[in-house]
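Q: File input05.cif below, mmCIF, C-alpha atoms:
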```cif
data_work
#
loop_
_atom_site.group_PDB
_atom_site.id
_atom_site.type_symbol
_atom_site.label_atom_id
_atom_site.label_comp_id
_atom_site.auth_asym_id
_atom_site.auth_seq_id
_atom_site.Cartn_x
_atom_site.Cartn_y
_atom_site.Cartn_z
ATOM 1 C CA MET Q 178 4.643 11.790 38.196
ATOM 2 C CA GLU Q 179 7.248 9.511 39.576
ATOM 3 C CA SER Q 180 10.135 8.808 37.236
ATOM 4 C CA LEU Q 181 11.252 5.189 37.018
ATOM 5 C CA ALA Q 182 14.977 4.514 36.692
ATOM 6 C CA ALA Q 183 14.854 0.932 35.446
ATOM 7 C CA GLU Q 184 13.931 0.200 31.842
ATOM 8 C CA GLN Q 185 10.377 -1.053 31.533
ATOM 9 C CA VAL Q 186 9.804 -3.992 29.163
ATOM 10 C CA TYR Q 187 6.307 -4.234 27.694
ATOM 11 C CA ARG Q 188 5.152 -7.413 25.983
ATOM 12 C CA ILE Q 189 2.852 -7.324 22.966
ATOM 13 C CA GLU Q 190 1.712 -9.999 20.551
ATOM 14 C CA ARG Q 191 3.314 -10.690 17.170
ATOM 15 C CA HIS Q 192 0.852 -12.435 14.872
ATOM 16 C CA SER Q 193 2.200 -14.268 11.847
ATOM 17 C CA SER Q 194 -0.726 -13.498 9.542
ATOM 18 C CA PRO Q 195 0.611 -11.765 6.401
ATOM 19 C CA ALA Q 196 -2.572 -9.703 6.090
ATOM 20 C CA GLY Q 197 -1.753 -7.203 8.810
ATOM 21 C CA LEU Q 198 2.018 -6.946 8.475
ATOM 22 C CA VAL Q 199 2.028 -3.627 6.613
ATOM 23 C CA VAL Q 200 -0.291 -1.620 8.862
ATOM 24 C CA ARG Q 201 1.208 -3.302 11.927
ATOM 25 C CA ASN Q 202 4.319 -1.221 11.400
ATOM 26 C CA TYR Q 203 2.230 1.933 11.857
ATOM 27 C CA TYR Q 204 1.065 0.799 15.299
ATOM 28 C CA LEU Q 205 4.568 -0.280 16.311
ATOM 29 C CA ASP Q 206 5.970 3.103 15.336
ATOM 30 C CA LEU Q 207 3.140 4.848 17.193
ATOM 31 C CA LEU Q 208 3.977 2.797 20.292
ATOM 32 C CA ASP Q 209 7.620 3.861 19.993
ATOM 33 C CA MET Q 210 6.483 7.495 19.792
ATOM 34 C CA ILE Q 211 4.413 7.065 22.952
ATOM 35 C CA MET Q 212 7.346 5.548 24.827
ATOM 36 C CA ARG Q 213 9.702 8.350 23.766
ATOM 37 C CA GLU Q 214 7.108 10.991 24.602
ATOM 38 C CA THR Q 215 6.723 9.632 28.143
ATOM 39 C CA GLU Q 216 10.311 8.675 28.952
ATOM 40 C CA ALA Q 217 11.029 11.762 31.068
ATOM 41 C CA GLU Q 218 8.008 11.125 33.295
ATOM 42 C CA PHE Q 219 7.918 7.325 33.376
ATOM 43 C CA GLY Q 220 11.435 6.182 32.500
ATOM 44 C CA PRO Q 221 12.893 4.306 29.506
ATOM 45 C CA ALA Q 222 10.868 1.520 27.925
ATOM 46 C CA ARG Q 223 11.273 -1.235 25.384
ATOM 47 C CA ILE Q 224 8.619 -3.162 23.436
ATOM 48 C CA VAL Q 225 9.068 -6.932 23.080
ATOM 49 C CA GLN Q 226 6.981 -8.899 20.586
ATOM 50 C CA LEU Q 227 5.943 -12.428 21.529
ATOM 51 C CA PRO Q 228 4.673 -14.921 18.929
ATOM 52 C CA TYR Q 229 0.922 -15.221 19.427
ATOM 53 C CA GLU Q 230 -1.812 -16.985 17.456
ATOM 54 C CA VAL Q 231 -5.090 -16.377 19.276
ATOM 55 C CA SER Q 232 -8.418 -14.666 18.643
ATOM 56 C CA GLN Q 233 -8.873 -10.999 19.522
ATOM 57 C CA ILE Q 234 -10.985 -11.913 22.551
ATOM 58 C CA GLN Q 235 -8.358 -14.340 23.831
ATOM 59 C CA LEU Q 236 -5.711 -11.689 23.254
ATOM 60 C CA LEU Q 237 -7.515 -9.340 25.627
ATOM 61 C CA THR Q 238 -8.018 -12.141 28.122
ATOM 62 C CA ASP Q 239 -4.261 -12.737 28.085
ATOM 63 C CA VAL Q 240 -3.614 -9.026 28.611
ATOM 64 C CA GLU Q 241 -5.930 -9.001 31.603
ATOM 65 C CA GLY Q 242 -4.293 -12.181 32.908
ATOM 66 C CA GLY Q 243 -0.807 -10.675 32.707
ATOM 67 C CA ARG Q 244 0.618 -12.844 29.943
ATOM 68 C CA LEU Q 245 0.888 -9.731 27.779
ATOM 69 C CA ASP Q 246 1.158 -6.108 28.858
ATOM 70 C CA MET Q 247 -0.917 -4.477 26.150
ATOM 71 C CA ALA Q 248 -2.630 -5.049 22.835
ATOM 72 C CA TRP Q 249 -4.332 -2.906 20.231
ATOM 73 C CA THR Q 250 -7.719 -3.922 18.881
ATOM 74 C CA ALA Q 251 -11.102 -2.459 18.003
ATOM 75 C CA THR Q 252 -13.333 -1.854 20.980
ATOM 76 C CA SER Q 253 -16.770 -3.130 21.993
ATOM 77 C CA ILE Q 254 -18.827 -3.302 25.169
ATOM 78 C CA ARG Q 255 -17.735 -6.903 25.719
ATOM 79 C CA ARG Q 256 -14.076 -6.124 25.138
ATOM 80 C CA GLU Q 257 -14.074 -3.226 27.575
ATOM 81 C CA ARG Q 258 -15.422 -5.606 30.215
ATOM 82 C CA ILE Q 259 -12.361 -7.836 29.755
ATOM 83 C CA ALA Q 260 -9.513 -5.316 29.861
ATOM 84 C CA ARG Q 261 -8.967 -1.593 30.365
ATOM 85 C CA PRO Q 262 -9.192 0.556 27.213
ATOM 86 C CA ILE Q 263 -7.149 3.704 26.662
ATOM 87 C CA ARG Q 264 -9.905 5.708 25.007
ATOM 88 C CA ILE Q 265 -7.910 7.598 22.385
ATOM 89 C CA PRO Q 266 -8.309 6.148 18.858
ATOM 90 C CA LEU Q 267 -4.914 5.112 17.545
ATOM 91 C CA ASP Q 268 -5.851 5.780 13.916
ATOM 92 C CA MET Q 269 -8.333 8.639 14.404
ATOM 93 C CA GLY Q 270 -11.271 6.313 13.806
ATOM 94 C CA LEU Q 271 -10.156 5.003 10.421
ATOM 95 C CA THR Q 272 -10.790 1.423 11.567
ATOM 96 C CA GLY Q 273 -14.477 2.226 11.155
ATOM 97 C CA GLN Q 274 -14.097 3.755 7.688
ATOM 98 C CA ARG Q 275 -13.892 0.897 5.242
ATOM 99 C CA ALA Q 276 -13.406 0.385 1.554
ATOM 100 C CA LEU Q 277 -14.127 -2.958 -0.102
ATOM 101 C CA VAL Q 278 -12.018 -5.740 -1.540
ATOM 102 C CA ILE Q 279 -13.920 -7.223 -4.486
ATOM 103 C CA ALA Q 280 -13.325 -9.370 -7.551
ATOM 104 C CA ARG Q 281 -12.136 -7.083 -10.329
ATOM 105 C CA LYS Q 282 -14.651 -8.556 -12.766
ATOM 106 C CA ARG Q 283 -17.490 -7.353 -10.517
ATOM 107 C CA GLU Q 284 -16.432 -3.708 -10.354
ATOM 108 C CA HIS Q 285 -19.424 -2.595 -12.463
ATOM 109 C CA GLU Q 286 -21.851 -4.234 -9.996
ATOM 110 C CA PHE Q 287 -20.452 -2.388 -7.003
ATOM 111 C CA ALA Q 288 -20.222 0.883 -8.927
ATOM 112 C CA ALA Q 289 -24.022 0.754 -9.237
ATOM 113 C CA ILE Q 290 -24.619 0.489 -5.461
ATOM 114 C CA ARG Q 291 -26.086 3.661 -3.993
ATOM 115 C CA SER Q 292 -27.726 2.552 -0.730
ATOM 116 C CA LEU Q 293 -27.745 -0.041 2.004
ATOM 117 C CA ALA Q 294 -30.753 -1.576 0.304
ATOM 118 C CA ASP Q 295 -28.588 -2.208 -2.765
ATOM 119 C CA LEU Q 296 -25.747 -3.645 -0.671
ATOM 120 C CA ARG Q 297 -28.087 -6.043 1.160
ATOM 121 C CA ARG Q 298 -28.183 -8.208 -1.971
ATOM 122 C CA TYR Q 299 -24.542 -9.131 -1.397
ATOM 123 C CA THR Q 300 -22.631 -11.099 1.250
ATOM 124 C CA ALA Q 301 -19.739 -9.671 3.229
ATOM 125 C CA CYS Q 302 -16.694 -11.653 4.325
ATOM 126 C CA GLN Q 303 -15.836 -11.067 7.975
ATOM 127 C CA GLY Q 304 -13.643 -12.642 10.630
ATOM 128 C CA GLU Q 305 -14.948 -14.616 13.573
ATOM 129 C CA TYR Q 306 -15.750 -12.502 16.635
ATOM 130 C CA TRP Q 307 -15.041 -9.190 14.871
ATOM 131 C CA PRO Q 308 -17.065 -6.297 16.349
ATOM 132 C CA ASP Q 309 -17.978 -5.388 12.772
ATOM 133 C CA ASN Q 310 -20.165 -8.470 12.464
ATOM 134 C CA ASP Q 311 -22.834 -7.074 14.773
ATOM 135 C CA ILE Q 312 -22.611 -3.674 13.082
ATOM 136 C CA LEU Q 313 -23.172 -5.087 9.605
ATOM 137 C CA ARG Q 314 -25.932 -7.439 10.709
ATOM 138 C CA ALA Q 315 -27.723 -4.655 12.580
ATOM 139 C CA ALA Q 316 -27.827 -2.802 9.262
ATOM 140 C CA GLY Q 317 -29.471 -5.806 7.605
ATOM 141 C CA LEU Q 318 -26.340 -6.931 5.763
ATOM 142 C CA THR Q 319 -25.465 -10.596 5.261
ATOM 143 C CA VAL Q 320 -22.169 -11.758 6.767
ATOM 144 C CA ARG Q 321 -20.102 -14.877 6.099
ATOM 145 C CA GLU Q 322 -17.540 -15.430 8.851
ATOM 146 C CA GLY Q 323 -14.128 -16.960 8.318
ATOM 147 C CA ARG Q 324 -11.553 -18.011 10.896
ATOM 148 C CA THR Q 325 -8.766 -15.691 9.707
ATOM 149 C CA ILE Q 326 -8.433 -12.823 7.282
ATOM 150 C CA ASP Q 327 -6.105 -14.911 5.119
ATOM 151 C CA GLU Q 328 -8.894 -17.403 4.497
ATOM 152 C CA MET Q 329 -11.312 -14.768 3.202
ATOM 153 C CA TYR Q 330 -9.516 -13.831 0.024
ATOM 154 C CA PRO Q 331 -10.108 -17.259 -1.571
ATOM 155 C CA LEU Q 332 -13.823 -16.906 -0.697
ATOM 156 C CA LEU Q 333 -13.987 -13.780 -2.860
ATOM 157 C CA ARG Q 334 -12.567 -15.762 -5.742
ATOM 158 C CA THR Q 335 -15.054 -18.617 -5.398
ATOM 159 C CA GLY Q 336 -18.002 -16.270 -4.905
ATOM 160 C CA GLU Q 337 -18.811 -17.653 -1.446
ATOM 161 C CA CYS Q 338 -18.839 -14.008 -0.377
ATOM 162 C CA ASP Q 339 -18.979 -10.878 -2.488
ATOM 163 C CA TYR Q 340 -16.980 -8.216 -0.695
ATOM 164 C CA LEU Q 341 -14.539 -7.815 2.171
ATOM 165 C CA PRO Q 342 -14.706 -4.477 4.035
ATOM 166 C CA ARG Q 343 -11.278 -3.438 5.282
ATOM 167 C CA ALA Q 344 -10.117 -0.343 7.144
ATOM 168 C CA LEU Q 345 -8.647 2.390 4.969
ATOM 169 C CA THR Q 346 -5.397 2.089 6.922
ATOM 170 C CA GLU Q 347 -4.966 -1.575 6.020
ATOM 171 C CA ILE Q 348 -6.695 -2.296 2.725
ATOM 172 C CA ASP Q 349 -4.045 -1.204 0.190
ATOM 173 C CA GLY Q 350 -1.143 -3.009 1.823
ATOM 174 C CA GLU Q 351 -3.249 -6.078 2.463
ATOM 175 C CA VAL Q 352 -4.481 -6.371 -1.127
ATOM 176 C CA ALA Q 353 -0.930 -5.870 -2.386
ATOM 177 C CA ARG Q 354 0.090 -8.924 -0.343
ATOM 178 C CA LEU Q 355 -2.921 -11.172 -0.764
ATOM 179 C CA GLY Q 356 -4.961 -9.845 -3.649
ATOM 180 C CA GLY Q 357 -3.447 -10.696 -6.991
ATOM 181 C CA ASP Q 358 -4.615 -9.301 -10.337
ATOM 182 C CA ASP Q 359 -8.122 -10.708 -9.979
ATOM 183 C CA LEU Q 360 -8.997 -8.734 -6.826
ATOM 184 C CA MET Q 361 -9.040 -4.985 -6.313
ATOM 185 C CA VAL Q 362 -9.540 -2.190 -3.807
ATOM 186 C CA PHE Q 363 -12.911 -0.583 -4.495
ATOM 187 C CA ASP Q 364 -12.753 2.754 -2.688
ATOM 188 C CA GLN Q 365 -15.752 4.453 -4.277
ATOM 189 C CA LEU Q 366 -18.105 2.716 -1.847
ATOM 190 C CA LEU Q 367 -17.296 3.202 1.830
ATOM 191 C CA LEU Q 368 -18.893 1.786 4.970
ATOM 192 C CA VAL Q 369 -18.597 4.309 7.801
ATOM 193 C CA TYR Q 370 -19.290 3.577 11.466
ATOM 194 C CA PRO Q 371 -17.819 4.503 14.859
ATOM 195 C CA LEU Q 372 -15.282 1.796 15.781
ATOM 196 C CA PRO Q 373 -12.190 3.114 17.548
ATOM 197 C CA MET Q 374 -8.966 1.147 17.688
ATOM 198 C CA TYR Q 375 -7.613 1.332 21.239
ATOM 199 C CA LEU Q 376 -4.709 0.136 23.269
ATOM 200 C CA PHE Q 377 -5.862 -2.206 26.047
ATOM 201 C CA VAL Q 378 -4.036 -2.994 29.281
ATOM 202 C CA SER Q 379 -4.867 -5.018 32.362
ATOM 203 C CA ASN Q 380 -7.245 -3.373 34.812
ATOM 204 C CA SER Q 381 -4.578 -3.896 37.470
ATOM 205 C CA ASN Q 382 -1.818 -2.160 35.505
ATOM 206 C CA VAL Q 383 -2.640 1.384 36.555
ATOM 207 C CA LEU Q 384 0.849 2.771 35.919
ATOM 208 C CA LEU Q 385 0.942 1.585 32.292
ATOM 209 C CA ALA Q 386 -2.558 2.946 31.719
ATOM 210 C CA LYS Q 387 -1.387 6.333 33.028
ATOM 211 C CA ARG Q 388 1.681 6.244 30.791
ATOM 212 C CA LEU Q 389 -0.249 5.419 27.638
ATOM 213 C CA THR Q 390 -2.969 7.960 28.365
ATOM 214 C CA TYR Q 391 -0.430 10.680 29.093
ATOM 215 C CA GLY Q 392 1.577 9.900 25.961
ATOM 216 C CA LEU Q 393 -1.392 9.720 23.628
ATOM 217 C CA GLU Q 394 -2.853 12.938 24.983
ATOM 218 C CA LYS Q 395 0.437 14.718 24.318
ATOM 219 C CA LEU Q 396 0.518 13.350 20.762
ATOM 220 C CA VAL Q 397 -3.061 14.508 20.186
ATOM 221 C CA GLU Q 398 -2.204 18.012 21.411
ATOM 222 C CA LYS Q 399 0.702 18.168 18.960
ATOM 223 C CA GLY Q 400 -1.279 16.802 16.018
ATOM 224 C CA ALA Q 401 1.304 14.017 15.876
ATOM 225 C CA ILE Q 402 -1.120 11.139 15.232
ATOM 226 C CA ARG Q 403 -2.561 12.856 12.146
ATOM 227 C CA ALA Q 404 0.983 13.681 11.006
ATOM 228 C CA LEU Q 405 2.074 10.048 11.427
ATOM 229 C CA LEU Q 406 -0.925 8.837 9.415
ATOM 230 C CA GLU Q 407 -0.020 11.228 6.608
ATOM 231 C CA GLU Q 408 3.676 10.360 6.576
ATOM 232 C CA HIS Q 409 3.917 6.685 7.482
ATOM 233 C CA PRO Q 410 4.642 4.291 4.575
ATOM 234 C CA SER Q 411 1.793 2.045 5.748
ATOM 235 C CA THR Q 412 -0.919 4.724 5.777
ATOM 236 C CA ARG Q 413 0.112 7.677 3.603
ATOM 237 C CA VAL Q 414 -1.659 6.152 0.580
ATOM 238 C CA ILE Q 415 -4.928 7.406 2.142
ATOM 239 C CA PHE Q 416 -3.821 10.978 1.494
ATOM 240 C CA PRO Q 417 -4.676 13.337 -0.032
ATOM 241 C CA LEU Q 418 -8.272 12.752 0.986
ATOM 242 C CA SER Q 419 -9.398 13.834 -2.490
ATOM 243 C CA ARG Q 420 -8.862 10.178 -3.390
ATOM 244 C CA TYR Q 421 -12.338 9.543 -1.955
ATOM 245 C CA GLN Q 422 -14.062 12.510 -3.560
ATOM 246 C CA GLY Q 423 -17.346 11.351 -5.026
ATOM 247 C CA ALA Q 424 -17.361 8.050 -3.116
ATOM 248 C CA VAL Q 425 -20.699 6.708 -1.897
ATOM 249 C CA ALA Q 426 -20.417 6.598 1.900
ATOM 250 C CA LEU Q 427 -22.977 4.499 3.766
ATOM 251 C CA ARG Q 428 -23.270 5.254 7.476
ATOM 252 C CA LEU Q 429 -23.981 2.360 9.851
ATOM 253 C CA ASP Q 430 -24.870 2.572 13.531
ATOM 254 C CA ASN Q 431 -22.743 0.645 16.011
ATOM 255 C CA PRO Q 432 -25.100 -0.965 18.551
ATOM 256 C CA ASP Q 433 -22.125 -2.226 20.581
ATOM 257 C CA LEU Q 434 -20.320 1.100 20.922
ATOM 258 C CA PRO Q 435 -19.355 1.588 24.590
ATOM 259 C CA PRO Q 436 -21.112 4.590 26.152
ATOM 260 C CA LEU Q 437 -17.814 6.178 27.270
ATOM 261 C CA THR Q 438 -16.490 6.434 23.699
ATOM 262 C CA PRO Q 439 -15.293 10.068 23.276
ATOM 263 C CA VAL Q 440 -17.299 10.698 20.102
ATOM 264 C CA GLY Q 441 -17.704 14.376 20.957
ATOM 265 C CA ASP Q 442 -13.975 15.149 21.011
ATOM 266 C CA ARG Q 443 -13.378 16.018 17.364
ATOM 267 C CA ARG Q 444 -9.600 16.237 17.896
ATOM 268 C CA LEU Q 445 -9.557 12.444 18.033
ATOM 269 C CA TRP Q 446 -11.376 11.650 14.785
ATOM 270 C CA LEU Q 447 -10.731 11.991 11.074
ATOM 271 C CA ASP Q 448 -13.747 11.848 8.764
ATOM 272 C CA ILE Q 449 -12.603 10.845 5.292
ATOM 273 C CA VAL Q 450 -15.779 11.999 3.561
ATOM 274 C CA PRO Q 451 -18.879 13.746 4.867
ATOM 275 C CA TYR Q 452 -21.547 11.082 5.115
ATOM 276 C CA LYS Q 453 -25.317 11.029 5.203
ATOM 277 C CA PRO Q 454 -27.666 8.461 6.767
ATOM 278 C CA ASP Q 455 -29.027 5.898 4.306
#
```
Render the structure in this file as structure tokens.
A:
Amino acid sequence: MESLAAEQVYRIERHSSPAGLVVRNYYLDLLDMIMRETEAEFGPARIVQLPYEVSQIQLLTDVEGGRLDMAWTATSIRRERIARPIRIPLDMGLTGQRALVIARKREHEFAAIRSLADLRRYTACQGEYWPDNDILRAAGLTVREGRTIDEMYPLLRTGECDYLPRALTEIDGEVARLGGDDLMVFDQLLLVYPLPMYLFVSNSNVLLAKRLTYGLEKLVEKGAIRALLEEHPSTRVIFPLSRYQGAVALRLDNPDLPPLTPVGDRRLWLDIVPYKPD
């Protein structure tokens, strides 16, 4: 591989939403690891964050159009038609393993749920255009969409929706910022479905795609992504995995999972709890 002498500057988005600030640091540190891991082959690199307030779909459109160099987001068939995915899950698939944010006073109701049939009596909060919306609806679950994650927490308080599924990597930090004493993390009921979080680049940016693929593959070989999840201040609360022992895990199919998703490569995935079909 051809080494590049000049420092490469890669532009990513910086969203101002307080919801994702904690887990965002995990992805930024993972990006730094990738750049260090690939410096000998591809040259030095620096990440620059640009203020951005757009939907996830528009974010990918801006990556493909060259206004940004890369972005991380959950994948879907539609999204992979917009920009090029680097098909190595950045969080070992934890984006698709979700605990619930609920009103604390309703804990006893959710503790009684044992099946998808039970959960269908309740309404989920979800963001507009999230890939999860199709997954939940395909399972017969009711979804109330909000414009941003920050707007969903008040809906839990008013009862306009009953629960907010959030990735295990993000839920604790998010509730600490937005929850208050009246809301809680309910981690004894998990929704589990294949939904990898990928880096996306422009289809025309072949060199960056090679760099990211090469770097992530090296990190996978070393076990460095799992190690970062276990050690990072944003994600280490997930461990030890005995935290979820005894949790009810409901498996959902993902009808919009791209066919090239590397589901058979078990090095790339971390299953929090063994799950059974409903």
Q: Just the residues within 9 Å of Asp359 of chain Q, please, counting all atoms listed in the file, with nothing from its chain fewer than 4 positions along; format it as a list in words.
A: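 Here the answer would be Ile279, Ala280, Arg281, Lys282 and Arg334 of chain Q.
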Q: Which polymer residues have any atom within 7 Å of an atom of Thr250 of chain Q, counting all atoms listed in the file, with same-chain residues fewer than 4 positions away left out, as a CSV table (one decimal) with C-alpha atoms, in the coordinates of the input?
A:
```
chain,number,residue,atom,x,y,z
Q,374,MET,CA,-9.0,1.1,17.7
Q,375,TYR,CA,-7.6,1.3,21.2
Q,376,LEU,CA,-4.7,0.1,23.3
```
Q: For Ala424 of chain Q, find every residue with an atom within 9 Å (counting only C-alpha atoms), except residues of its own chain fewer than 4 positions away, and show them as a list in words.
A: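 What passes the distance filter is Asp364, Gln365, Leu366, Leu367, Arg420 and Val450 of chain Q.
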Q: Using all atoms listed in the file, which of Q:Ile326, Q:Ala251, Q:Leu445, Q:Leu333 sits nearest Thr300 of chain Q?
A: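 Selected residue with least distance to Thr300 of chain Q: Q:Leu333.
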Q: Contacts of Gly392 of chain Q at 6 Å or less, counting all atoms listed in the file, minus same-chain residues fewer than 5 places along, as a JSON list (two decimals) with C-alpha atoms, keeping the file's coordinate frame?
A:
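Saved result, part-v1.json, follows:
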```
[["chain", "number", "residue", "atom", "x", "y", "z"],
["Q", 211, "ILE", "CA", 4.41, 7.06, 22.95],
["Q", 214, "GLU", "CA", 7.11, 10.99, 24.60],
["Q", 215, "THR", "CA", 6.72, 9.63, 28.14]]
```
Q: Hey, what's within 10 Å of segment 344-351 of chain Q if we count only C-alpha atoms and toss same-chain stuff fewer than 5 positions away? As a VMD selection string, please?
A: chain Q and resid 195 to 201 203 268 270 to 278 326 to 327 356 361 to 364 367 to 369 406 410 to 415 449
Q: Restricting the calculation to all atoms listed in the file, which member of Q:Pro342, Q:Pro432, Q:Gly220, Q:Gly304 is positioned closest to Glu328 of chain Q?
A: Q:Gly304
Q: Got a sec to resolve the PyMOL selection byres ((chain Q and resi 223-230) around 6) on this structure and send the residues as a list in words?
A: Val186, Tyr187, Arg188, Ile189, Glu190, Arg191, His192, Ala222 and Val231 of chain Q
Q: Once the PyMOL selection byres ((chain Q and resi 315-317) around 9) has been applied to the shown file, what residues remain in the selection, as a PyMOL selection string?
A: chain Q and resi 293-294+297+310-314+318-319+429-432
Q: Using Å and a single decimal, report how far atom CA of Met247 of chain Q sits from atom CA of Ala183 of chain Q.
A: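 If I compute the distance from atom CA of Ala183 of chain Q to atom CA of Met247 of chain Q, I get 19.1 Å.
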Q: Looking at all atoms listed in the file, which of Q:Glu394, Q:Glu286, Q:Asp309, Q:Glu184 is the one that sits closest to Thr252 of chain Q?
A: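 Using all atoms listed in the file, the shortest distance to Thr252 of chain Q belongs to Q:Asp309.
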Q: Would you be able to write out as a VMD selection string which residues have an atom within 12 Å of (2.0, 1.1, 33.7) in the file's coordinates, counting all atoms listed in the file?
A: chain Q and resid 178 to 181 185 to 188 212 215 218 to 220 222 246 to 247 261 263 377 to 392
Q: Could you please determine the separation between atom CA of Pro435 of chain Q and atom CA of Ile254 of chain Q in Å, to one decimal place?
A: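 Calculated distance between atom CA of Pro435 of chain Q and atom CA of Ile254 of chain Q is 5.0 Å.
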Q: What is the distance between atom CA of Trp446 of chain Q and atom CA of Lys399 of chain Q, in Å to one decimal?
A: 14.3 Å
Q: Here is a test: counting all atoms listed in the file, which residue of Q:Gly243, Q:Glu398, Q:Leu296, Q:Asp433 is nearest to Arg256 of chain Q?
A: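 Among the listed residues, Q:Asp433 lies closest to Arg256 of chain Q.
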Q: Using the chain letters and numbers from this file, what does the PyMOL selection byres ((chain Q and resi 439) around 12) select? Give the answer as an mmCIF file with C-alpha atoms, keeping the file's coordinate frame.
A:
```cif
data_model
loop_
_atom_site.group_PDB
_atom_site.id
_atom_site.type_symbol
_atom_site.label_atom_id
_atom_site.label_comp_id
_atom_site.auth_asym_id
_atom_site.auth_seq_id
_atom_site.Cartn_x
_atom_site.Cartn_y
_atom_site.Cartn_z
ATOM 1 C CA PRO Q 262 -9.192 0.556 27.213
ATOM 2 C CA ILE Q 263 -7.149 3.704 26.662
ATOM 3 C CA ARG Q 264 -9.905 5.708 25.007
ATOM 4 C CA ILE Q 265 -7.910 7.598 22.385
ATOM 5 C CA PRO Q 266 -8.309 6.148 18.858
ATOM 6 C CA MET Q 269 -8.333 8.639 14.404
ATOM 7 C CA GLY Q 270 -11.271 6.313 13.806
ATOM 8 C CA PRO Q 371 -17.819 4.503 14.859
ATOM 9 C CA LEU Q 372 -15.282 1.796 15.781
ATOM 10 C CA PRO Q 373 -12.190 3.114 17.548
ATOM 11 C CA TYR Q 375 -7.613 1.332 21.239
ATOM 12 C CA LEU Q 434 -20.320 1.100 20.922
ATOM 13 C CA PRO Q 435 -19.355 1.588 24.590
ATOM 14 C CA PRO Q 436 -21.112 4.590 26.152
ATOM 15 C CA LEU Q 437 -17.814 6.178 27.270
ATOM 16 C CA THR Q 438 -16.490 6.434 23.699
ATOM 17 C CA VAL Q 440 -17.299 10.698 20.102
ATOM 18 C CA GLY Q 441 -17.704 14.376 20.957
ATOM 19 C CA ASP Q 442 -13.975 15.149 21.011
ATOM 20 C CA ARG Q 443 -13.378 16.018 17.364
ATOM 21 C CA ARG Q 444 -9.600 16.237 17.896
ATOM 22 C CA LEU Q 445 -9.557 12.444 18.033
ATOM 23 C CA TRP Q 446 -11.376 11.650 14.785
#
```
Q: Go ahead and fit an axis-aligned box to every listed atom of segment 247-255 of chain Q plus 4 Å each side, and pass me the centre and edge lengths in Å, one decimal, as lines of an AutoDock Vina configuration file.
A:
```
center_x = -9.9
center_y = -4.4
center_z = 22.1
size_x = 25.9
size_y = 13.0
size_z = 16.1
```
Q: Using all atoms listed in the file, find the one residue out of Q:Gly242, Q:Val352, Q:Trp307, Q:Arg283 that sits nearest to Gly336 of chain Q.
A: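 Answer, going by the shortest atom-to-atom distance: Q:Arg283.
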Q: Determine the nearest neighbour of Tyr340 of chain Q from the options Q:Pro308, Q:Gly323, Q:Lys395, Q:Tyr299, counting only C-alpha atoms.
A: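 Checking each candidate against Tyr340 of chain Q, we get Q:Tyr299 as the closest.
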